[in-house]
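Okay, target-v7.cif is below, mmCIF, C-alpha atoms:
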```cif
data_structure
#
loop_
_atom_site.group_PDB
_atom_site.id
_atom_site.type_symbol
_atom_site.label_atom_id
_atom_site.label_comp_id
_atom_site.auth_asym_id
_atom_site.auth_seq_id
_atom_site.Cartn_x
_atom_site.Cartn_y
_atom_site.Cartn_z
ATOM 1 C CA MET A 1 -9.511 26.905 -66.470
ATOM 2 C CA SER A 2 -10.427 29.423 -63.782
ATOM 3 C CA ILE A 3 -7.701 30.675 -61.461
ATOM 4 C CA PRO A 4 -8.413 29.862 -57.811
ATOM 5 C CA ALA A 5 -8.394 32.531 -55.160
ATOM 6 C CA LEU A 6 -5.144 32.808 -53.204
ATOM 7 C CA PRO A 7 -6.283 34.192 -49.862
ATOM 8 C CA HIS A 8 -2.824 34.284 -48.277
ATOM 9 C CA LEU A 9 -1.084 35.971 -51.194
ATOM 10 C CA LYS A 10 -1.258 39.698 -50.559
ATOM 11 C CA LEU A 11 0.178 42.646 -52.388
ATOM 12 C CA ASN A 12 2.471 43.659 -49.512
ATOM 13 C CA VAL A 13 4.174 40.240 -49.679
ATOM 14 C CA PHE A 14 5.072 40.893 -53.302
ATOM 15 C CA LEU A 15 6.297 44.412 -52.498
ATOM 16 C CA ARG A 16 8.510 43.152 -49.672
ATOM 17 C CA THR A 17 9.992 40.603 -52.072
ATOM 18 C CA LEU A 18 11.176 43.393 -54.362
ATOM 19 C CA SER A 19 13.036 45.098 -51.488
ATOM 20 C CA LEU A 20 15.119 42.079 -50.457
ATOM 21 C CA GLY A 21 17.895 42.466 -52.992
ATOM 22 C CA PRO A 22 18.480 40.491 -56.200
ATOM 23 C CA VAL A 23 19.505 37.107 -54.709
ATOM 24 C CA LYS A 24 16.975 36.935 -51.915
ATOM 25 C CA ALA A 25 14.354 38.379 -54.189
ATOM 26 C CA ALA A 26 15.055 35.677 -56.769
ATOM 27 C CA HIS A 27 14.714 32.935 -54.151
ATOM 28 C CA SER A 28 11.551 34.467 -52.762
ATOM 29 C CA LEU A 29 10.121 34.895 -56.239
ATOM 30 C CA ALA A 30 10.888 31.270 -57.066
ATOM 31 C CA ALA A 31 9.092 30.149 -53.905
ATOM 32 C CA LEU A 32 6.213 32.428 -54.759
ATOM 33 C CA LEU A 33 5.924 31.012 -58.271
ATOM 34 C CA LEU A 34 6.036 27.464 -56.897
ATOM 35 C CA PHE A 35 3.213 28.309 -54.514
ATOM 36 C CA VAL A 36 1.171 29.769 -57.355
ATOM 37 C CA PHE A 37 1.832 26.693 -59.502
ATOM 38 C CA ILE A 38 0.689 24.337 -56.740
ATOM 39 C CA SER A 39 -2.391 26.482 -56.168
ATOM 40 C CA LEU A 40 -3.271 26.265 -59.837
ATOM 41 C CA VAL A 41 -3.284 22.458 -59.875
ATOM 42 C CA ARG A 42 -6.875 21.629 -60.734
ATOM 43 C CA ALA A 43 -9.064 20.011 -58.118
ATOM 44 C CA GLU A 44 -10.130 17.426 -60.669
ATOM 45 C CA ASP A 45 -6.584 16.021 -60.739
ATOM 46 C CA LYS A 46 -7.176 14.686 -57.230
ATOM 47 C CA PRO A 47 -8.726 11.211 -56.950
ATOM 48 C CA LEU A 48 -12.393 11.130 -56.041
ATOM 49 C CA ILE A 49 -12.565 8.814 -53.029
ATOM 50 C CA VAL A 50 -15.857 6.913 -53.188
ATOM 51 C CA GLY A 51 -17.010 4.834 -50.248
ATOM 52 C CA MET A 52 -19.255 1.791 -50.555
ATOM 53 C CA ASP A 53 -19.943 -1.486 -48.781
ATOM 54 C CA MET A 54 -19.099 -4.141 -51.357
ATOM 55 C CA SER A 55 -21.342 -6.826 -49.908
ATOM 56 C CA TYR A 56 -24.484 -5.874 -51.767
ATOM 57 C CA PRO A 57 -24.662 -7.385 -55.277
ATOM 58 C CA PRO A 58 -25.430 -6.420 -57.948
ATOM 59 C CA PHE A 59 -24.903 -2.849 -56.741
ATOM 60 C CA GLU A 60 -21.705 -3.057 -54.711
ATOM 61 C CA MET A 61 -19.587 -6.191 -54.953
ATOM 62 C CA ARG A 62 -16.314 -7.663 -56.220
ATOM 63 C CA ASP A 63 -15.833 -9.553 -59.462
ATOM 64 C CA THR A 64 -14.078 -12.911 -59.796
ATOM 65 C CA ASN A 65 -10.709 -11.132 -59.729
ATOM 66 C CA GLY A 66 -11.548 -9.239 -56.557
ATOM 67 C CA ALA A 67 -12.000 -5.883 -58.283
ATOM 68 C CA PRO A 68 -14.912 -3.581 -57.363
ATOM 69 C CA SER A 69 -17.913 -4.241 -59.587
ATOM 70 C CA GLY A 70 -21.613 -3.518 -59.881
ATOM 71 C CA VAL A 71 -24.140 -0.768 -60.508
ATOM 72 C CA SER A 72 -22.664 1.675 -58.006
ATOM 73 C CA VAL A 73 -19.125 1.061 -59.258
ATOM 74 C CA ASP A 74 -20.157 1.926 -62.815
ATOM 75 C CA LEU A 75 -21.994 4.969 -61.500
ATOM 76 C CA ALA A 76 -18.921 6.099 -59.548
ATOM 77 C CA LYS A 77 -16.694 5.725 -62.599
ATOM 78 C CA ALA A 78 -19.147 7.712 -64.728
ATOM 79 C CA LEU A 79 -19.156 10.445 -62.085
ATOM 80 C CA GLY A 80 -15.361 10.510 -62.156
ATOM 81 C CA GLU A 81 -15.374 10.897 -65.936
ATOM 82 C CA PHE A 82 -17.894 13.733 -65.658
ATOM 83 C CA LEU A 83 -15.685 15.512 -63.107
ATOM 84 C CA HIS A 84 -12.459 14.636 -64.995
ATOM 85 C CA ARG A 85 -11.127 13.013 -61.836
ATOM 86 C CA PRO A 86 -9.709 9.515 -61.275
ATOM 87 C CA VAL A 87 -11.832 7.377 -58.953
ATOM 88 C CA LYS A 88 -10.608 5.395 -55.963
ATOM 89 C CA ILE A 89 -13.122 3.084 -54.294
ATOM 90 C CA GLU A 90 -12.892 2.345 -50.574
ATOM 91 C CA ASN A 91 -14.686 -0.694 -49.166
ATOM 92 C CA VAL A 92 -16.270 0.392 -45.866
ATOM 93 C CA PRO A 93 -18.905 -1.445 -43.793
ATOM 94 C CA PHE A 94 -22.253 0.240 -44.339
ATOM 95 C CA SER A 95 -22.610 1.263 -40.701
ATOM 96 C CA GLY A 96 -19.263 3.111 -40.915
ATOM 97 C CA LEU A 97 -19.775 5.010 -44.164
ATOM 98 C CA ILE A 98 -21.155 8.222 -42.675
ATOM 99 C CA ALA A 99 -18.382 8.423 -40.086
ATOM 100 C CA ALA A 100 -15.738 7.857 -42.781
ATOM 101 C CA LEU A 101 -17.304 10.611 -44.888
ATOM 102 C CA LYS A 102 -17.462 13.088 -42.004
ATOM 103 C CA THR A 103 -13.825 12.533 -41.032
ATOM 104 C CA GLY A 104 -12.611 13.160 -44.587
ATOM 105 C CA ARG A 105 -11.592 9.598 -45.425
ATOM 106 C CA LEU A 106 -14.160 9.669 -48.237
ATOM 107 C CA ASP A 107 -15.279 12.374 -50.664
ATOM 108 C CA VAL A 108 -18.660 10.818 -51.430
ATOM 109 C CA VAL A 109 -20.713 7.748 -50.574
ATOM 110 C CA ILE A 110 -22.351 5.765 -53.369
ATOM 111 C CA SER A 111 -23.606 2.669 -51.613
ATOM 112 C CA SER A 112 -27.335 2.163 -52.139
ATOM 113 C CA MET A 113 -27.849 4.691 -49.355
ATOM 114 C CA THR A 114 -31.331 6.037 -48.737
ATOM 115 C CA ALA A 115 -31.553 9.784 -48.151
ATOM 116 C CA THR A 116 -33.322 10.054 -44.798
ATOM 117 C CA THR A 117 -34.099 12.954 -42.481
ATOM 118 C CA GLU A 118 -31.990 11.352 -39.783
ATOM 119 C CA ARG A 119 -28.935 10.918 -42.000
ATOM 120 C CA ALA A 120 -29.370 14.432 -43.396
ATOM 121 C CA GLN A 121 -28.625 15.760 -39.919
ATOM 122 C CA SER A 122 -25.074 14.427 -40.308
ATOM 123 C CA ILE A 123 -24.369 14.607 -44.044
ATOM 124 C CA ASP A 124 -25.732 16.182 -47.213
ATOM 125 C CA PHE A 125 -27.318 14.308 -50.103
ATOM 126 C CA SER A 126 -27.516 14.741 -53.835
ATOM 127 C CA GLU A 127 -30.788 14.559 -55.696
ATOM 128 C CA PRO A 128 -32.120 10.958 -55.641
ATOM 129 C CA TYR A 129 -30.942 8.753 -58.497
ATOM 130 C CA LEU A 130 -33.049 5.664 -57.731
ATOM 131 C CA LYS A 131 -36.518 5.155 -56.293
ATOM 132 C CA THR A 132 -37.211 2.070 -54.246
ATOM 133 C CA GLY A 133 -38.906 1.092 -51.011
ATOM 134 C CA LEU A 134 -38.855 -1.212 -48.043
ATOM 135 C CA CYS A 135 -40.562 -4.563 -48.494
ATOM 136 C CA LEU A 136 -40.486 -8.061 -47.039
ATOM 137 C CA LEU A 137 -38.808 -11.382 -47.588
ATOM 138 C CA VAL A 138 -40.791 -13.887 -45.538
ATOM 139 C CA GLY A 139 -40.708 -17.589 -44.825
ATOM 140 C CA ALA A 140 -42.454 -19.669 -47.460
ATOM 141 C CA LYS A 141 -44.771 -21.247 -44.909
ATOM 142 C CA THR A 142 -45.807 -18.086 -43.070
ATOM 143 C CA ASP A 143 -49.146 -16.331 -43.664
ATOM 144 C CA ILE A 144 -47.514 -12.877 -43.629
ATOM 145 C CA GLN A 145 -48.810 -10.537 -46.334
ATOM 146 C CA THR A 146 -48.107 -7.105 -44.846
ATOM 147 C CA ILE A 147 -45.735 -5.425 -42.417
ATOM 148 C CA ALA A 148 -48.566 -5.417 -39.876
ATOM 149 C CA ASP A 149 -48.707 -9.204 -40.121
ATOM 150 C CA ALA A 150 -44.995 -9.377 -39.332
ATOM 151 C CA ASP A 151 -45.368 -7.142 -36.292
ATOM 152 C CA ARG A 152 -47.119 -9.614 -34.028
ATOM 153 C CA ALA A 153 -46.214 -11.172 -30.721
ATOM 154 C CA GLY A 154 -44.115 -14.276 -31.151
ATOM 155 C CA ARG A 155 -42.771 -13.240 -34.564
ATOM 156 C CA SER A 156 -39.250 -12.083 -35.334
ATOM 157 C CA VAL A 157 -38.050 -9.677 -38.026
ATOM 158 C CA THR A 158 -34.445 -9.384 -39.177
ATOM 159 C CA VAL A 159 -32.778 -6.151 -40.314
ATOM 160 C CA VAL A 160 -29.290 -5.080 -41.364
ATOM 161 C CA LYS A 161 -27.582 -2.791 -38.891
ATOM 162 C CA GLY A 162 -27.580 0.861 -39.935
ATOM 163 C CA THR A 163 -30.077 0.495 -42.778
ATOM 164 C CA THR A 164 -33.443 2.193 -43.141
ATOM 165 C CA GLY A 165 -35.005 -1.201 -42.455
ATOM 166 C CA HIS A 166 -33.268 -1.148 -39.082
ATOM 167 C CA LEU A 167 -34.516 2.375 -38.396
ATOM 168 C CA TYR A 168 -38.054 1.504 -39.456
ATOM 169 C CA ALA A 169 -38.144 -1.573 -37.241
ATOM 170 C CA VAL A 170 -36.899 0.338 -34.188
ATOM 171 C CA GLN A 171 -39.409 3.133 -34.678
ATOM 172 C CA GLN A 172 -42.466 1.284 -35.970
ATOM 173 C CA LEU A 173 -42.501 -2.340 -34.837
ATOM 174 C CA LYS A 174 -44.098 -2.673 -31.413
ATOM 175 C CA LYS A 175 -44.913 -6.360 -30.945
ATOM 176 C CA GLY A 176 -42.511 -8.438 -33.015
ATOM 177 C CA ARG A 177 -38.917 -9.161 -31.980
ATOM 178 C CA VAL A 178 -36.283 -7.296 -34.009
ATOM 179 C CA LEU A 179 -33.066 -9.179 -34.790
ATOM 180 C CA VAL A 180 -30.226 -6.859 -35.905
ATOM 181 C CA LEU A 181 -27.451 -8.462 -37.984
ATOM 182 C CA ASP A 182 -24.418 -7.100 -39.817
ATOM 183 C CA GLN A 183 -24.887 -8.610 -43.280
ATOM 184 C CA PRO A 184 -27.878 -9.116 -45.608
ATOM 185 C CA ALA A 185 -26.866 -12.734 -46.238
ATOM 186 C CA SER A 186 -27.196 -13.491 -42.529
ATOM 187 C CA CYS A 187 -30.711 -12.043 -42.470
ATOM 188 C CA VAL A 188 -31.741 -14.089 -45.502
ATOM 189 C CA LEU A 189 -30.372 -17.251 -43.899
ATOM 190 C CA GLU A 190 -32.418 -16.651 -40.742
ATOM 191 C CA VAL A 191 -35.605 -16.478 -42.818
ATOM 192 C CA ALA A 192 -34.689 -19.370 -45.118
ATOM 193 C CA GLN A 193 -33.971 -21.618 -42.139
ATOM 194 C CA GLY A 194 -37.167 -20.626 -40.386
ATOM 195 C CA LYS A 195 -35.376 -18.905 -37.498
ATOM 196 C CA ALA A 196 -36.980 -15.572 -38.379
ATOM 197 C CA ASP A 197 -40.326 -14.771 -39.973
ATOM 198 C CA ALA A 198 -39.378 -11.794 -42.139
ATOM 199 C CA PHE A 199 -36.516 -9.646 -43.382
ATOM 200 C CA ILE A 200 -37.016 -5.924 -44.089
ATOM 201 C CA PHE A 201 -34.947 -4.745 -47.045
ATOM 202 C CA ASP A 202 -35.215 -2.982 -50.407
ATOM 203 C CA GLN A 203 -37.177 -4.307 -53.369
ATOM 204 C CA LEU A 204 -34.351 -5.377 -55.677
ATOM 205 C CA SER A 205 -32.475 -7.238 -52.971
ATOM 206 C CA THR A 206 -35.637 -8.899 -51.756
ATOM 207 C CA LEU A 207 -36.395 -10.132 -55.266
ATOM 208 C CA ALA A 208 -32.825 -11.440 -55.667
ATOM 209 C CA ASN A 209 -32.868 -13.171 -52.289
ATOM 210 C CA TRP A 210 -36.195 -14.858 -53.013
ATOM 211 C CA ARG A 211 -34.916 -16.136 -56.366
ATOM 212 C CA LYS A 212 -31.920 -17.661 -54.582
ATOM 213 C CA ASN A 213 -34.208 -19.350 -52.045
ATOM 214 C CA PRO A 214 -37.497 -20.030 -53.883
ATOM 215 C CA ASP A 215 -38.421 -23.094 -51.826
ATOM 216 C CA THR A 216 -37.938 -21.560 -48.393
ATOM 217 C CA THR A 217 -38.832 -17.898 -48.853
ATOM 218 C CA ARG A 218 -41.442 -15.669 -50.450
ATOM 219 C CA ALA A 219 -41.072 -12.053 -51.662
ATOM 220 C CA ILE A 220 -43.669 -9.357 -50.970
ATOM 221 C CA LEU A 221 -42.376 -6.644 -53.307
ATOM 222 C CA THR A 222 -45.002 -3.934 -52.916
ATOM 223 C CA PRO A 223 -43.187 -1.392 -50.714
ATOM 224 C CA PHE A 224 -44.681 -0.264 -47.417
ATOM 225 C CA GLN A 225 -42.287 2.711 -47.271
ATOM 226 C CA ALA A 226 -41.066 4.613 -50.348
ATOM 227 C CA GLU A 227 -37.405 5.614 -50.437
ATOM 228 C CA GLY A 228 -34.855 7.266 -52.698
ATOM 229 C CA TRP A 229 -31.153 6.467 -52.961
ATOM 230 C CA ALA A 230 -28.745 9.392 -53.256
ATOM 231 C CA VAL A 231 -25.049 10.242 -53.163
ATOM 232 C CA GLY A 232 -23.827 11.188 -49.685
ATOM 233 C CA LEU A 233 -21.556 14.216 -49.251
ATOM 234 C CA ARG A 234 -19.959 16.072 -46.354
ATOM 235 C CA LYS A 235 -21.904 18.925 -44.856
ATOM 236 C CA GLY A 236 -20.991 22.198 -46.538
ATOM 237 C CA ASP A 237 -19.354 20.621 -49.607
ATOM 238 C CA ASP A 238 -21.751 22.617 -51.774
ATOM 239 C CA ALA A 239 -19.529 22.890 -54.843
ATOM 240 C CA LEU A 240 -19.163 19.112 -55.142
ATOM 241 C CA ARG A 241 -22.857 18.633 -54.413
ATOM 242 C CA THR A 242 -23.725 20.960 -57.298
ATOM 243 C CA GLN A 243 -21.402 19.003 -59.593
ATOM 244 C CA VAL A 244 -22.882 15.660 -58.522
ATOM 245 C CA ASN A 245 -26.422 16.919 -59.139
ATOM 246 C CA ALA A 246 -25.379 18.148 -62.581
ATOM 247 C CA PHE A 247 -23.925 14.711 -63.297
ATOM 248 C CA ILE A 248 -27.097 12.910 -62.204
ATOM 249 C CA ALA A 249 -29.253 15.127 -64.426
ATOM 250 C CA ASP A 250 -26.906 14.658 -67.389
ATOM 251 C CA TYR A 251 -26.610 10.908 -66.837
ATOM 252 C CA GLN A 252 -30.387 10.573 -66.684
ATOM 253 C CA LYS A 253 -30.881 12.709 -69.799
ATOM 254 C CA ASN A 254 -28.407 10.632 -71.801
ATOM 255 C CA GLY A 255 -29.876 7.264 -70.811
ATOM 256 C CA GLY A 256 -27.137 6.271 -68.400
ATOM 257 C CA PHE A 257 -29.474 4.834 -65.781
ATOM 258 C CA GLU A 258 -31.431 2.953 -68.421
ATOM 259 C CA LYS A 259 -28.178 1.356 -69.582
ATOM 260 C CA LEU A 260 -27.248 0.447 -66.000
ATOM 261 C CA GLY A 261 -30.608 -1.260 -65.608
ATOM 262 C CA ASP A 262 -30.166 -3.184 -68.843
ATOM 263 C CA LYS A 263 -26.616 -4.243 -67.954
ATOM 264 C CA TRP A 264 -27.073 -5.279 -64.346
ATOM 265 C CA LEU A 265 -30.788 -5.654 -63.707
ATOM 266 C CA SER A 266 -32.422 -6.908 -66.905
ATOM 267 C CA GLU A 267 -34.026 -9.938 -65.261
ATOM 268 C CA GLN A 268 -35.257 -7.818 -62.368
ATOM 269 C CA LYS A 269 -36.786 -5.304 -64.768
ATOM 270 C CA ALA A 270 -38.680 -8.085 -66.501
ATOM 271 C CA GLU A 271 -39.837 -9.513 -63.168
ATOM 272 C CA PHE A 272 -41.043 -6.112 -61.966
ATOM 273 C CA GLN A 273 -42.993 -5.633 -65.184
ATOM 274 C CA LYS A 274 -44.558 -9.073 -64.793
ATOM 275 C CA LEU A 275 -45.628 -8.231 -61.245
ATOM 276 C CA GLY A 276 -46.880 -4.786 -62.222
ATOM 277 C CA VAL A 277 -44.458 -3.058 -59.849
ATOM 278 C CA PRO A 278 -42.759 0.132 -61.140
ATOM 279 C CA PHE A 279 -39.052 -0.336 -61.750
ATOM 280 C CA VAL A 280 -36.527 1.603 -59.695
ATOM 281 C CA PHE A 281 -34.749 3.547 -62.483
#
```

I need this file expressed as structure tokens, please.
Amino acid sequence: MSIPALPHLKLNVFLRTLSLGPVKAAHSLAALLLFVFISLVRAEDKPLIVGMDMSYPPFEMRDTNGAPSGVSVDLAKALGEFLHRPVKIENVPFSGLIAALKTGRLDVVISSMTATTERAQSIDFSEPYLKTGLCLLVGAKTDIQTIADADRAGRSVTVVKGTTGHLYAVQQLKKGRVLVLDQPASCVLEVAQGKADAFIFDQLSTLANWRKNPDTTRAILTPFQAEGWAVGLRKGDDALRTQVNAFIADYQKNGGFEKLGDKWLSEQKAEFQKLGVPFVF
């Protein structure tokens, strides 16, 4: 274990302690030793506070007992083991994750978050651990085949607030009406009930949502914008960022992501292979 730097402990403090007399010196020395002991407590003994929005199965969700569960939960626990730190998961709405990270409420964000140029102005990111892309869930009776088809006068497109789908729609869609909602399930319902023509979201979720609503929706899984998910960190937290990147490389090398895919996404992997679409891990 390396000894941390003690910037406020200077030689003259120690010398003054010796000149106080035996009793005062003993008390001062005891306080000094206590300070040194506290300073030597390893950073990895502190819980790693991981933020995620647990409304996004199978990545971030709760099990039947209400405990955090899913791909990102397993990933967070593996990261904690790698860092030798206990993990505490905080459930935060997706649109509030970056703010919670910046204010120190969270240490990292692992919540299916795409590393974007815009977000990188506020927080730092690890190396990507998953490759995906934006695609469409559309109404079963629509003739939409591409994002251009969805962006037409008289058509409406739903997005989840704060997601890259939301950002894409605001920046790129010029003719269609954009409907911003708080939860993915609400967006899916709009499409399934014919109140909206399309929903912009990631590939895996789009596949899952289509399978839940096969009679009323249709999935167009070929992405029109490639993306990569990464771990979010506070600006300047370079030491932790280096550790997280080392974990991702080690986890990949040892087949950790392959195991996550087999555990949580086996049916999706098979479906992607059938459709000829590259899988995300």

So which residues fall inside 10 Å of (-25.8, -8.5, -53.0) if we count only C-alpha atoms? Mind giving them as a PyMOL selection string? chain A and resi 54-61+70+183-185+204-206+208-209

For the residues selected in the previous step, produce a file with C-alpha atoms as an mmCIF file, in the frame of the given file.
```
data_model
loop_
_atom_site.group_PDB
_atom_site.id
_atom_site.type_symbol
_atom_site.label_atom_id
_atom_site.label_comp_id
_atom_site.auth_asym_id
_atom_site.auth_seq_id
_atom_site.Cartn_x
_atom_site.Cartn_y
_atom_site.Cartn_z
ATOM 1 C CA MET A 54 -19.099 -4.141 -51.357
ATOM 2 C CA SER A 55 -21.342 -6.826 -49.908
ATOM 3 C CA TYR A 56 -24.484 -5.874 -51.767
ATOM 4 C CA PRO A 57 -24.662 -7.385 -55.277
ATOM 5 C CA PRO A 58 -25.430 -6.420 -57.948
ATOM 6 C CA PHE A 59 -24.903 -2.849 -56.741
ATOM 7 C CA GLU A 60 -21.705 -3.057 -54.711
ATOM 8 C CA MET A 61 -19.587 -6.191 -54.953
ATOM 9 C CA GLY A 70 -21.613 -3.518 -59.881
ATOM 10 C CA GLN A 183 -24.887 -8.610 -43.280
ATOM 11 C CA PRO A 184 -27.878 -9.116 -45.608
ATOM 12 C CA ALA A 185 -26.866 -12.734 -46.238
ATOM 13 C CA LEU A 204 -34.351 -5.377 -55.677
ATOM 14 C CA SER A 205 -32.475 -7.238 -52.971
ATOM 15 C CA THR A 206 -35.637 -8.899 -51.756
ATOM 16 C CA ALA A 208 -32.825 -11.440 -55.667
ATOM 17 C CA ASN A 209 -32.868 -13.171 -52.289
#
```

For Gly228 (chain A), work out the shell of residues within 10 Å, counting all atoms listed in the file and skipping chain neighbours fewer than 6 positions away, then give it as a compact mmCIF listing (two decimals) with C-alpha atoms, keeping the file's coordinate frame.
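Contents of out28.txt, as written:
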```
# COMPACT_ATOMS: atom_id res chain seq x y z
CA SER A 112 -27.34 2.16 -52.14
CA MET A 113 -27.85 4.69 -49.36
CA THR A 114 -31.33 6.04 -48.74
CA ALA A 115 -31.55 9.78 -48.15
CA THR A 116 -33.32 10.05 -44.80
CA GLU A 127 -30.79 14.56 -55.70
CA PRO A 128 -32.12 10.96 -55.64
CA TYR A 129 -30.94 8.75 -58.50
CA LEU A 130 -33.05 5.66 -57.73
CA LYS A 131 -36.52 5.16 -56.29
CA THR A 132 -37.21 2.07 -54.25
CA GLY A 133 -38.91 1.09 -51.01
CA VAL A 280 -36.53 1.60 -59.70
```

Who sits within 12 Å of Thr103 (chain A), all atoms listed in the file, same chain under 6 positions skipped, as a list in words: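 Close residues of Thr103 (chain A): Gly96, Leu97, Ser122, Ile123, Leu233, Arg234 and Lys235 of chain A.
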
As an exercise, work out the distance from CA of Ala140 (chain A) to CA of Leu173 (chain A) in Å and give it to one decimal place. 21.4 Å

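Nearest-residue note for Asp182 (chain A): choosing from A:Lys259, A:Val244, A:Ser95, A:Gly80, the minimum distance belongs to A:Ser95, counting all atoms listed in the file.
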
What separates CA of Cys187 (chain A) and CA of Gln172 (chain A) is a distance of 18.9 Å

Polymer residues at most 12 Å from Ile98 (chain A), all atoms listed in the file, same-chain spacing of 2 or more positions, as a PyMOL selection string: chain A and resi 50-53+92-96+100-111+113+115+118-125+162-163+231-235

The selected residues should be written to file as an mmCIF file, in the coordinates of the input (atoms: C-alpha atoms).
```cif
data_model
loop_
_atom_site.group_PDB
_atom_site.id
_atom_site.type_symbol
_atom_site.label_atom_id
_atom_site.label_comp_id
_atom_site.auth_asym_id
_atom_site.auth_seq_id
_atom_site.Cartn_x
_atom_site.Cartn_y
_atom_site.Cartn_z
ATOM 1 C CA VAL A 50 -15.857 6.913 -53.188
ATOM 2 C CA GLY A 51 -17.010 4.834 -50.248
ATOM 3 C CA MET A 52 -19.255 1.791 -50.555
ATOM 4 C CA ASP A 53 -19.943 -1.486 -48.781
ATOM 5 C CA VAL A 92 -16.270 0.392 -45.866
ATOM 6 C CA PRO A 93 -18.905 -1.445 -43.793
ATOM 7 C CA PHE A 94 -22.253 0.240 -44.339
ATOM 8 C CA SER A 95 -22.610 1.263 -40.701
ATOM 9 C CA GLY A 96 -19.263 3.111 -40.915
ATOM 10 C CA ALA A 100 -15.738 7.857 -42.781
ATOM 11 C CA LEU A 101 -17.304 10.611 -44.888
ATOM 12 C CA LYS A 102 -17.462 13.088 -42.004
ATOM 13 C CA THR A 103 -13.825 12.533 -41.032
ATOM 14 C CA GLY A 104 -12.611 13.160 -44.587
ATOM 15 C CA ARG A 105 -11.592 9.598 -45.425
ATOM 16 C CA LEU A 106 -14.160 9.669 -48.237
ATOM 17 C CA ASP A 107 -15.279 12.374 -50.664
ATOM 18 C CA VAL A 108 -18.660 10.818 -51.430
ATOM 19 C CA VAL A 109 -20.713 7.748 -50.574
ATOM 20 C CA ILE A 110 -22.351 5.765 -53.369
ATOM 21 C CA SER A 111 -23.606 2.669 -51.613
ATOM 22 C CA MET A 113 -27.849 4.691 -49.355
ATOM 23 C CA ALA A 115 -31.553 9.784 -48.151
ATOM 24 C CA GLU A 118 -31.990 11.352 -39.783
ATOM 25 C CA ARG A 119 -28.935 10.918 -42.000
ATOM 26 C CA ALA A 120 -29.370 14.432 -43.396
ATOM 27 C CA GLN A 121 -28.625 15.760 -39.919
ATOM 28 C CA SER A 122 -25.074 14.427 -40.308
ATOM 29 C CA ILE A 123 -24.369 14.607 -44.044
ATOM 30 C CA ASP A 124 -25.732 16.182 -47.213
ATOM 31 C CA PHE A 125 -27.318 14.308 -50.103
ATOM 32 C CA GLY A 162 -27.580 0.861 -39.935
ATOM 33 C CA THR A 163 -30.077 0.495 -42.778
ATOM 34 C CA VAL A 231 -25.049 10.242 -53.163
ATOM 35 C CA GLY A 232 -23.827 11.188 -49.685
ATOM 36 C CA LEU A 233 -21.556 14.216 -49.251
ATOM 37 C CA ARG A 234 -19.959 16.072 -46.354
ATOM 38 C CA LYS A 235 -21.904 18.925 -44.856
#
```

Top pick for closest residue to Phe201 (chain A), considering A:Arg155, A:His166, A:Arg177, A:Arg62 and counting all atoms listed in the file: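 Closest residue, counting all atoms listed in the file: A:His166.
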
Nearest to Tyr168 (chain A), chosen from A:Leu260, A:Ile220, A:Ala270, A:Val180, with all atoms listed in the file counted in the distances: A:Val180

Could you check which of A:Leu207, A:Ile89, A:Val138, A:Val160 is closest to Ala67 (chain A), using all atoms listed in the file? A:Ile89

Care to translate the PyMOL selection byres ((chain A and resi 153) around 6) into actual residues of this file, as a short mmCIF file (atom, residue, chain, number, x, y, z; two decimals) with C-alpha atoms, in the frame of the given file?
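Done, and the output landed in result-v6.cif:
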```cif
data_model
loop_
_atom_site.label_atom_id
_atom_site.label_comp_id
_atom_site.auth_asym_id
_atom_site.auth_seq_id
_atom_site.Cartn_x
_atom_site.Cartn_y
_atom_site.Cartn_z
CA ARG A 152 -47.12 -9.61 -34.03
CA GLY A 154 -44.12 -14.28 -31.15
CA ARG A 155 -42.77 -13.24 -34.56
CA LYS A 175 -44.91 -6.36 -30.94
CA GLY A 176 -42.51 -8.44 -33.02
#
```

Calculated over all atoms listed in the file, which of the candidates A:Ala246, A:Val277, A:Val170, A:Leu137 has the smallest distance to Asn213 (chain A)?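 Among the listed residues, the smallest separation from Asn213 (chain A) belongs to A:Leu137.
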
Apply the PyMOL selection byres ((chain A and resi 248) around 12) to the file shown and report the selected residues as a PyMOL selection string. chain A and resi 75-76+78-80+82-83+126-130+229-231+241-247+249-257

With only C-alpha atoms as the counted atoms, please give the residues lying no more than 10 Å from Thr216 (chain A), apart from itself and same-chain residues fewer than 3 positions off, as a list in words.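 Residues meeting the cut-off are Val138, Gly139, Ala140, Lys141, Leu189, Val191, Ala192, Gln193, Gly194, Trp210, Lys212 and Asn213 of chain A.
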
For the file shown, what are the residues hit by the PyMOL selection byres ((chain A and resi 223) around 10), laid out as a list in words?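 Those residues are Thr132, Gly133, Leu134, Cys135, Leu136, Thr146, Ile147, Phe201, Asp202, Gln203, Ile220, Leu221, Thr222, Phe224, Gln225, Ala226, Glu227 and Val277 of chain A.
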
Could you turn the residues from that selection into a file that holds C-alpha atoms, as a CSV table (one decimal), in the coordinates of the input?
```csv
chain,number,residue,atom,x,y,z
A,132,THR,CA,-37.2,2.1,-54.2
A,133,GLY,CA,-38.9,1.1,-51.0
A,134,LEU,CA,-38.9,-1.2,-48.0
A,135,CYS,CA,-40.6,-4.6,-48.5
A,136,LEU,CA,-40.5,-8.1,-47.0
A,146,THR,CA,-48.1,-7.1,-44.8
A,147,ILE,CA,-45.7,-5.4,-42.4
A,201,PHE,CA,-34.9,-4.7,-47.0
A,202,ASP,CA,-35.2,-3.0,-50.4
A,203,GLN,CA,-37.2,-4.3,-53.4
A,220,ILE,CA,-43.7,-9.4,-51.0
A,221,LEU,CA,-42.4,-6.6,-53.3
A,222,THR,CA,-45.0,-3.9,-52.9
A,224,PHE,CA,-44.7,-0.3,-47.4
A,225,GLN,CA,-42.3,2.7,-47.3
A,226,ALA,CA,-41.1,4.6,-50.3
A,227,GLU,CA,-37.4,5.6,-50.4
A,277,VAL,CA,-44.5,-3.1,-59.8
```
